[in-house]
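A.B. asks: Can you read through this structure? Questions will come right after.
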Amino acid sequence: MHDETSTGNDFFRCDFCLRGWREELPMVEGHKGSLICMECLTDACREVVIQRAGIAHEEITACTLCLQHRESQYWQRADYDHDAPGAPDLAQAQLSPAAICEQCIIQCAGMMEKDPDTNWVRPG
């Protein structure tokens, strides 16, 4: 997510937790500038890939990162704050909170693991 009202690193926000980019909070970018931070990716990986939980594909329109609708489990932040600074106006945009499909979780986890600057380890 790009917050047009912010400057500096806060211009780039995780679509899932709405926190701004920081060196200690690396992010993976999807299509059209969508972003998921390391902490949200960890939560998504733990819930969908390891625990085999998540949200059924019938409840999701499309993955925020790949823009596809896949027949897999999805992850959304349970504590998404609609009133947080930079949160999209969901009613006006006719969108639901960000969701990530299992395939993108796995792909983003691989990318984050390969980045030597993150020291990210897949939960498990």
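Ordering of the structure tokens sets the chain letters (A, B, ...), residue numbers begin anew at 1 in every chain, and ligands are numbered from 1 in the order given.
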Give me the residues within 10 Å of range 31-46 of chain A as a count of residues only, counting only C-alpha atoms and dropping any in the same chain fewer than 5 places off.
C.D. replies: 46
A.B. asks: Any idea what the distance is between CA of Ala78 in chain A and CA of Met27 in chain A?
C.D. replies: 19.4 Å
A.B. asks: Could you tell me how far CA of Ile50 in chain A lies from CA of Glu23 in chain A, in Å and to one decimal?
C.D. replies: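 If I compute the distance from CA of Ile50 in chain A to CA of Glu23 in chain A, I get 27.0 Å.
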A.B. asks: Pick out each residue of range 34-85 of chain A that DSSP on the backbone tags as strand (DSSP E or B); I need them as a list in words.
C.D. replies: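 Written out, the strand (DSSP E or B) residues of range 34-85 of chain A are Leu35, Ile36, Cys37, Ile55, Tyr74 and Trp75 of chain A.
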A.B. asks: To one decimal place in Å, what is the distance between CA of Pro97 in chain A and CA of Ile60 in chain A?
C.D. replies: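 According to the coordinates, CA of Pro97 in chain A and CA of Ile60 in chain A are separated by 9.6 Å.
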A.B. asks: Under the rule that only C-alpha atoms are counted, which of A:Gln73, A:Glu47, A:Gln103, A:Asp117 is the nearest residue to Glu59 in chain A?
C.D. replies: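 The answer is A:Gln73, which sits nearest to Glu59 in chain A.
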